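Peer 1: This is the structure I want to talk about, given as structure tokens.
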Number of protein chains: 2
Amino acid sequence: MRRMTARPANTHQARLLRLLRDGGPNSRAQLGDLVELSRSKLAVEVDRLLETGLIVADGLAASRGGRRSHNIRLAPGLRFLGIDIGATSVDVAVTNAELEVLGHLNHPMDVREGPVAVFEQALSMAAKLRATGIAEGFDGAGIGVPGPVRFPEGVPVAPPIMPGWDGFPVREALSQDLGCPVMVDNDVNLMAMGEQHAGVARSVGDFLCVKIGTGIGCGIVVGGQVYRGTTGSAGDIGHIQVDPGGRPCACGNQGCLEAHFGGAALARDAEEAARAGRSPELSDRLTAAGRLSAADVAAAAAAGDTTALELIRAGGNRVGQVIAGLVSFFNPGLVVIGGGVTGLGHTLLASIRTQVYRQSLPLATGNLPIVLGELGQTAGVTGGARLISDHLFSPA
Amino acid sequence: MRRMTARPANTHQARLLRLLRDGGPNSRAQLGDLVELSRSKLAVEVDRLLETGLIVADGLAASRGGRRSHNIRLAPGLRFLGIDIGATSVDVAVTNAELEVLGHLNHPMDVREGPVAVFEQALSMAAKLRATGIAEGFDGAGIGVPGPVRFPEGVPVAPPIMPGWDGFPVREALSQDLGCPVMVDNDVNLMAMGEQHAGVARSVGDFLCVKIGTGIGCGIVVGGQVYRGTTGSAGDIGHIQVDPGGRPCACGNQGCLEAHFGGAALARDAEEAARAGRSPELSDRLTAAGRLSAADVAAAAAAGDTTALELIRAGGNRVGQVIAGLVSFFNPGLVVIGGGVTGLGHTLLASIRTQVYRQSLPLATGNLPIVLGELGQTAGVTGGARLISDHLFSPA
DNA sequence: GCTTCTTTGTCCCGACTGAGGAAGAAGTCA
DNA sequence: TGACTTCTTCCTCAGTCGGGACAAAGAAGC
């Protein structure tokens, strides 16, 4: 099929497209109730969208007491690609125009192998998904990388954990390879957008999304929009100091949050505890696998290992300490905890909550939910699809 | 004279009013260059504004090579009132429509005397200013209080340092007494708006404004707009923990920033140092006055007293530590330091800068100015005038 | 099955808006 | 003084938009 070429001609059309994306197929009459347009105007705009092929007729709606209205929906053939590049793995998913995930692949891969190798992998995964028949092509792609991004250009800048990516023209290169529009953002922002669209943050205007993976980052949403900061590094909380005389960090400072907690730090601590014989459970896993990961700690904790539980608890306290400060500062309506370490689950959540509720003022925490993300691995890729659809569903 | 009754009828008129407010009197022709309106449309809107009396003709502009254009300006009789209620004093100022301060009074007063006494004082100051002849009445007032505010209603909520203010209908009461529209906000947000309008933060979209007075707070500006958080307590950084085993704070926690620095803590530390004989300079001042304030520490430091300098340096480190975290999180384009303690000046600024530039990542600090506020005591009142003018200069 | 009422979609008219051309007013510059 | 520039007003014309009228389609009640 021919790929999406048209773009909404005005804000009304953009508004309609987003309504159909977020609310699914809908009748013309009901859309009329949602937007403040006269019937004639609405009819004109809908007709124009039908002409462009962005939306299609979709049968008749149920009667609301009189003549039945015609349903319309976004073109069923539209496909968005969401790519979430993590520190240790790549996620690729295909969604329809309503951003429902139709196919999803995950592949372990070290981001330090560089952009060329990583994109080769991502593109082959996209090709594999297309080969299953769920997509004949892609109308747009949203991609997240684990580091700061100069958003307008779609170029990573000074990414600490991904040498070789600095200045790589991700947007342009990928756009060329895929033959469709591409937007690039920080992986944490993508997760925030995912949870906002389909997850636990629906209907919340201002929230924080803390992602604890190999590193630690924070997506900031202000008035429904992702806030990226002046140079695109907003939310980079992994290097906030939590202990003035603390552990040395890869960034050159001491006592950074990431040096004390996060996937990498947790694995290191667990191995150390195992070698020191403080945890039989972890020792067994270490001798079995040769190394430990956050998942091992989660499993050991689930098995009741006190050392593992203590590691999680201590880490939660550190993160909670930082989040408490951010809550005082930002006064969000919701805090979402997500990322690879979510496997640590409620032990982690409990110690974060304890810390935040104890340290922040009642006015800020009074009605503040702190919850785990709902979407898990699909948050990032859904956010990617959302990112590009926001771009494509705005006036040209 | 009759007070301002009309409001702009549409966004075009609002836009024109704000241009005239921020840029001063201007010619019709030049305004045409600034807004994207056709000549005919512009003429119509200007004529309507002239009819309402919000703007007036103001002679002829200089020629730009041909026929001279007619100048217009905001009605010269418009007067806004800016009221800045601090923990220990009240500032009241009168501005014209361009937000230039025409008269300014300051009076020491403890906010704990309660809203009734404080407003009595503020209203009498406003009356005194009016009696000088600079104003025949007020078209609007913006007021700042040292605590969180439920912004839409203009009501303080759970203010820690001002018992008796909780839930007091500031906006409604003051609006009744003054007979004009009133807006209420946190004093820190007002300071941020002041520095944004007339101070050092002109032309910066995203910045932080840290006010170190009796307590410590932070104004947050995102995309040119003050961000107030979900419950209006955003920027409340005085109770971020800087030392887990630190001093007990009035809020019930330990090691809060305010317990270690700020006007109140600094005075306490100085008195303690004086009594312990660690500083002859401060001892002299203590015996002379019976008590010490932040201003005494500033004077002692200016005189070269090492203990005073050390107190400032240590405090700057604490604040710098917190600001470093906020910079990593928020990635602002500018950090403004203001408030009563600005008298500590460059000693304080230097230690804050050191701390921030050392602890935050280069990407966030690379081009980040950290500067003292330009406006001093007028920042708050200017911000108040700006607050109410933003409200009045928006479509009804 | 018929009537009446409600809802939906289409068509059309009239009011309004806004862009831009033309002309005149008011200056500058040589 | 004359040529040129700039600014304002007036006017026309095209396009837009809202809403009424009407037809189509269905629901509810008898």
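Numbering starts fresh at 1 for the residues of each chain in the structure tokens, the chains themselves are lettered A, B, ... in the order given, and ligands are numbered from 1 as they appear.
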Excluding region 363-368 of chain A and any residue of its chain fewer than 6 positions from it, enumerate the residues within 12 Å of it, using only C-alpha atoms (C1' of nucleotides), and give them as JSON, numbers by chain.
Peer 2: {"A": [204, 206, 207, 208, 323, 324, 325, 326, 327, 328, 329, 330, 331, 332, 333, 334, 335, 336, 353, 354, 355, 356, 357], "B": [147, 148, 149, 150, 156, 157, 158, 159, 160, 166, 228, 229, 230, 231, 232, 233, 234, 235, 236, 237, 239, 251]}
Peer 1: As a ChimeraX atom specification, could you give me every residue of chain A near chain D (at most 6 Å apart, counting only C-alpha atoms (C1' of nucleotides))?
Peer 2: /A:65-67
Peer 1: Could those selected residues go to a file with N, CA and C atoms, as a compact mmCIF listing (two decimals), in the first residue's frame?
Peer 2:
# COMPACT_ATOMS: atom_id res chain seq x y z
N GLY A 65 -30.90 7.14 19.78
CA GLY A 65 -32.29 7.55 19.92
C GLY A 65 -32.91 8.06 18.64
N GLY A 66 -32.08 8.13 17.59
CA GLY A 66 -32.58 8.61 16.31
C GLY A 66 -31.81 7.95 15.19
N ARG A 67 -31.63 8.68 14.16
CA ARG A 67 -30.87 8.15 13.01
C ARG A 67 -29.47 7.75 13.44
Peer 1: Leaving out region 210-217 of chain A and any residue of its chain fewer than 5 positions from it, which residues lie within 8 Å of it when counting only C-alpha atoms (C1' of nucleotides), given as a list of chain:residue names?
Peer 2: A:Ala87, A:Thr88, A:Val188, A:Met191, A:Gly235, A:Asp236, A:Ile237, A:Gly238, A:Leu257, A:Glu258, A:Gly262, A:Gly263, A:Ala264, A:Val335, A:Val336, A:Ile337, A:Gly338, A:Gly339, A:Gly340, A:Val341, A:Thr342
Peer 1: For the residues selected in the previous step, produce a file with C-alpha atoms as a PDB file, in the first residue's frame.
Peer 2:
ATOM      1  CA  ALA A  87      21.724  -0.064  27.687  1.00  0.00           C
ATOM      2  CA  THR A  88      21.628  -3.835  27.322  1.00  0.00           C
ATOM      3  CA  VAL A 188      12.960   7.835  29.722  1.00  0.00           C
ATOM      4  CA  MET A 191       8.503   5.640  28.777  1.00  0.00           C
ATOM      5  CA  GLY A 235      15.579  14.398  34.115  1.00  0.00           C
ATOM      6  CA  ASP A 236      19.155  13.245  34.327  1.00  0.00           C
ATOM      7  CA  ILE A 237      18.928  12.379  37.992  1.00  0.00           C
ATOM      8  CA  GLY A 238      21.379   9.484  37.992  1.00  0.00           C
ATOM      9  CA  LEU A 257      22.794   7.979  42.827  1.00  0.00           C
ATOM     10  CA  GLU A 258      23.803   5.653  40.022  1.00  0.00           C
ATOM     11  CA  GLY A 262      20.512   0.936  39.570  1.00  0.00           C
ATOM     12  CA  GLY A 263      20.955  -2.249  37.587  1.00  0.00           C
ATOM     13  CA  ALA A 264      24.717  -2.005  37.334  1.00  0.00           C
ATOM     14  CA  VAL A 335       5.138   9.371  40.425  1.00  0.00           C
ATOM     15  CA  VAL A 336       5.612   6.333  38.218  1.00  0.00           C
ATOM     16  CA  ILE A 337       8.432   3.877  38.887  1.00  0.00           C
ATOM     17  CA  GLY A 338       9.483   1.777  35.936  1.00  0.00           C
ATOM     18  CA  GLY A 339      12.382   0.261  34.093  1.00  0.00           C
ATOM     19  CA  GLY A 340      14.153  -3.068  34.181  1.00  0.00           C
ATOM     20  CA  VAL A 341      14.382  -3.111  37.933  1.00  0.00           C
ATOM     21  CA  THR A 342      10.619  -3.161  38.281  1.00  0.00           C
TER      22      THR A 342
END
Peer 1: Step one, run DSSP on the backbone; step two, keep only residues of region 102-141 of chain B assigned to helix (DSSP H, G or I); then write them as a VMD selection string.
Peer 2: chain B and resid 111 to 113 115 to 134
Peer 1: With C-alpha atoms retained, could you export that selection as a PDB file, in the first residue's frame?
Peer 2:
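Now in out_34.pdb:
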ATOM      1  CA  VAL B 111       3.800  37.667  59.113  1.00  0.00           C
ATOM      2  CA  ARG B 112       2.792  35.652  62.159  1.00  0.00           C
ATOM      3  CA  GLU B 113       0.676  38.548  63.335  1.00  0.00           C
ATOM      4  CA  PRO B 115      -3.692  38.148  57.843  1.00  0.00           C
ATOM      5  CA  VAL B 116      -5.942  40.788  59.353  1.00  0.00           C
ATOM      6  CA  ALA B 117      -3.118  42.808  60.891  1.00  0.00           C
ATOM      7  CA  VAL B 118      -0.881  42.369  57.868  1.00  0.00           C
ATOM      8  CA  PHE B 119      -3.523  43.492  55.395  1.00  0.00           C
ATOM      9  CA  GLU B 120      -4.416  46.438  57.559  1.00  0.00           C
ATOM     10  CA  GLN B 121      -0.778  47.450  57.313  1.00  0.00           C
ATOM     11  CA  ALA B 122      -0.593  46.792  53.575  1.00  0.00           C
ATOM     12  CA  LEU B 123      -3.778  48.725  52.871  1.00  0.00           C
ATOM     13  CA  SER B 124      -2.596  51.683  54.883  1.00  0.00           C
ATOM     14  CA  MET B 125       0.654  51.659  52.942  1.00  0.00           C
ATOM     15  CA  ALA B 126      -1.320  51.552  49.694  1.00  0.00           C
ATOM     16  CA  ALA B 127      -3.420  54.459  50.919  1.00  0.00           C
ATOM     17  CA  LYS B 128      -0.280  56.391  51.812  1.00  0.00           C
ATOM     18  CA  LEU B 129       1.087  55.837  48.330  1.00  0.00           C
ATOM     19  CA  ARG B 130      -2.162  56.952  46.795  1.00  0.00           C
ATOM     20  CA  ALA B 131      -2.120  60.055  48.969  1.00  0.00           C
ATOM     21  CA  THR B 132       1.150  61.137  47.373  1.00  0.00           C
ATOM     22  CA  GLY B 133      -0.792  61.678  44.184  1.00  0.00           C
ATOM     23  CA  ILE B 134       0.824  59.012  42.053  1.00  0.00           C
TER      24      ILE B 134
END
Peer 1: Rounded to one decimal, what separation in Å do you get between CA of Gln225 (chain B) and CA of Ile388 (chain A)?
Peer 2: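 Computed distance, CA of Gln225 (chain B) to CA of Ile388 (chain A), equals 26.1 Å.
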Peer 1: Skip DG18 (chain C) itself and residues of its chain fewer than 2 positions away, then list as a PyMOL selection string all residues within 8 Å of it, counting only C-alpha atoms (C1' of nucleotides).
Peer 2: chain B and resi 38+40-41
Peer 1: What is the CA of Gln377 (chain B)-CA of Gly205 (chain B) distance in Å, reported with one decimal?
Peer 2: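 Distance reported for this atom pair: 22.8 Å.
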Peer 1: What are the residues of chain C that have an atom within 10 Å of an atom of chain A, counting only C-alpha atoms (C1' of nucleotides), as a VMD selection string?
Peer 2: chain C and resid 5 to 11
Peer 1: Interatomic distance between CA of Asp284 (chain B) and CA of Ala250 (chain B)?
Peer 2: 29.3 Å
Peer 1: Determine which residues of region 214-285 of chain A DSSP labels as strand (DSSP E or B) from the backbone of this structure, then write them out as a PyMOL selection string.
Peer 2: chain A and resi 216-222+225-226+241+248+254+256
Peer 1: Got time to write the residues from that selection, N, CA and C atoms, as a PDB file, in the first residue's frame?
Peer 2:
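Listing of result.pdb after writing:
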ATOM      1  N   ILE A 216      19.765   5.392  35.945  1.00  0.00           N
ATOM      2  CA  ILE A 216      18.535   5.944  36.508  1.00  0.00           C
ATOM      3  C   ILE A 216      18.238   7.285  35.848  1.00  0.00           C
ATOM      4  N   GLY A 217      17.017   7.434  35.360  1.00  0.00           N
ATOM      5  CA  GLY A 217      16.611   8.689  34.745  1.00  0.00           C
ATOM      6  C   GLY A 217      15.182   9.007  35.121  1.00  0.00           C
ATOM      7  N   CYS A 218      14.739  10.182  34.707  1.00  0.00           N
ATOM      8  CA  CYS A 218      13.412  10.637  35.118  1.00  0.00           C
ATOM      9  C   CYS A 218      12.762  11.424  33.994  1.00  0.00           C
ATOM     10  N   GLY A 219      11.596  10.985  33.567  1.00  0.00           N
ATOM     11  CA  GLY A 219      10.837  11.744  32.583  1.00  0.00           C
ATOM     12  C   GLY A 219       9.960  12.760  33.294  1.00  0.00           C
ATOM     13  N   ILE A 220       9.906  13.961  32.749  1.00  0.00           N
ATOM     14  CA  ILE A 220       9.164  15.050  33.379  1.00  0.00           C
ATOM     15  C   ILE A 220       8.044  15.473  32.441  1.00  0.00           C
ATOM     16  N   VAL A 221       6.821  15.404  32.921  1.00  0.00           N
ATOM     17  CA  VAL A 221       5.694  15.835  32.097  1.00  0.00           C
ATOM     18  C   VAL A 221       5.020  17.026  32.759  1.00  0.00           C
ATOM     19  N   VAL A 222       4.946  18.120  32.031  1.00  0.00           N
ATOM     20  CA  VAL A 222       4.344  19.357  32.532  1.00  0.00           C
ATOM     21  C   VAL A 222       3.158  19.715  31.642  1.00  0.00           C
ATOM     22  N   GLN A 225       2.768  17.742  28.471  1.00  0.00           N
ATOM     23  CA  GLN A 225       3.872  17.766  27.513  1.00  0.00           C
ATOM     24  C   GLN A 225       5.167  17.334  28.190  1.00  0.00           C
ATOM     25  N   VAL A 226       5.978  16.571  27.486  1.00  0.00           N
ATOM     26  CA  VAL A 226       7.278  16.204  28.019  1.00  0.00           C
ATOM     27  C   VAL A 226       8.152  17.456  28.094  1.00  0.00           C
ATOM     28  N   GLN A 241      23.946  13.825  43.716  1.00  0.00           N
ATOM     29  CA  GLN A 241      24.746  13.270  44.806  1.00  0.00           C
ATOM     30  C   GLN A 241      23.846  12.852  45.964  1.00  0.00           C
ATOM     31  N   PRO A 248      32.900   6.363  44.267  1.00  0.00           N
ATOM     32  CA  PRO A 248      33.263   7.042  43.029  1.00  0.00           C
ATOM     33  C   PRO A 248      32.351   6.593  41.898  1.00  0.00           C
ATOM     34  N   GLN A 254      31.707  11.820  43.138  1.00  0.00           N
ATOM     35  CA  GLN A 254      31.550  10.825  44.187  1.00  0.00           C
ATOM     36  C   GLN A 254      30.115  10.805  44.676  1.00  0.00           C
ATOM     37  N   CYS A 256      27.278   9.616  43.510  1.00  0.00           N
ATOM     38  CA  CYS A 256      26.119   9.764  42.635  1.00  0.00           C
ATOM     39  C   CYS A 256      25.112   8.653  42.915  1.00  0.00           C
TER      40      CYS A 256
END
Peer 1: Go through A:Pro25, A:Pro362, A:Gly137, A:Pro146 and flag the residue nearest chain B, using only C-alpha atoms for the distances.
Peer 2: A:Pro362
Peer 1: Which residues, written as a list in words, have at least one atom at most 6 Å from region 140-144 of chain B, with only C-alpha atoms (C1' of nucleotides) counted and residues fewer than 2 positions away on the same chain left out?
Peer 2: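 In the requested form, the answer reads Phe80, Leu81, Gly82, Ile83, Asp84, Ile85, Phe138, Cys180, Pro181, Val182, Met183, Val184, Asp185, Asn186, Asp187, Gly384, Ala385, Leu387 and Ile388 of chain B.
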Peer 1: Since we have the selection now, will you write its residues out, keeping C-alpha atoms, as a short mmCIF file (atom, residue, chain, number, x, y, z; two decimals), in the first residue's frame?
Peer 2:
data_model
loop_
_atom_site.label_atom_id
_atom_site.label_comp_id
_atom_site.auth_asym_id
_atom_site.auth_seq_id
_atom_site.Cartn_x
_atom_site.Cartn_y
_atom_site.Cartn_z
CA PHE B 80 -1.30 48.39 39.46
CA LEU B 81 -0.52 47.54 43.04
CA GLY B 82 2.20 45.07 43.91
CA ILE B 83 2.21 43.69 47.44
CA ASP B 84 4.99 41.43 48.64
CA ILE B 85 4.44 39.95 52.06
CA PHE B 138 -5.96 50.90 41.49
CA CYS B 180 -10.33 45.91 42.05
CA PRO B 181 -9.28 42.49 40.73
CA VAL B 182 -6.64 40.71 42.80
CA MET B 183 -4.41 37.74 42.13
CA VAL B 184 -2.48 35.87 44.81
CA ASP B 185 0.64 33.80 44.44
CA ASN B 186 3.65 32.54 46.30
CA ASP B 187 6.21 35.29 46.95
CA GLY B 384 2.88 41.25 41.57
CA ALA B 385 2.05 43.93 39.05
CA LEU B 387 0.79 38.84 37.68
CA ILE B 388 -2.33 40.96 37.72
#
Peer 1: Have a look at B:Arg275, B:Arg48, B:Arg202, B:Arg318 and name the one nearest to chain A; count only C-alpha atoms.
Peer 2: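 Using only C-alpha atoms, chain A sits closest to B:Arg318.
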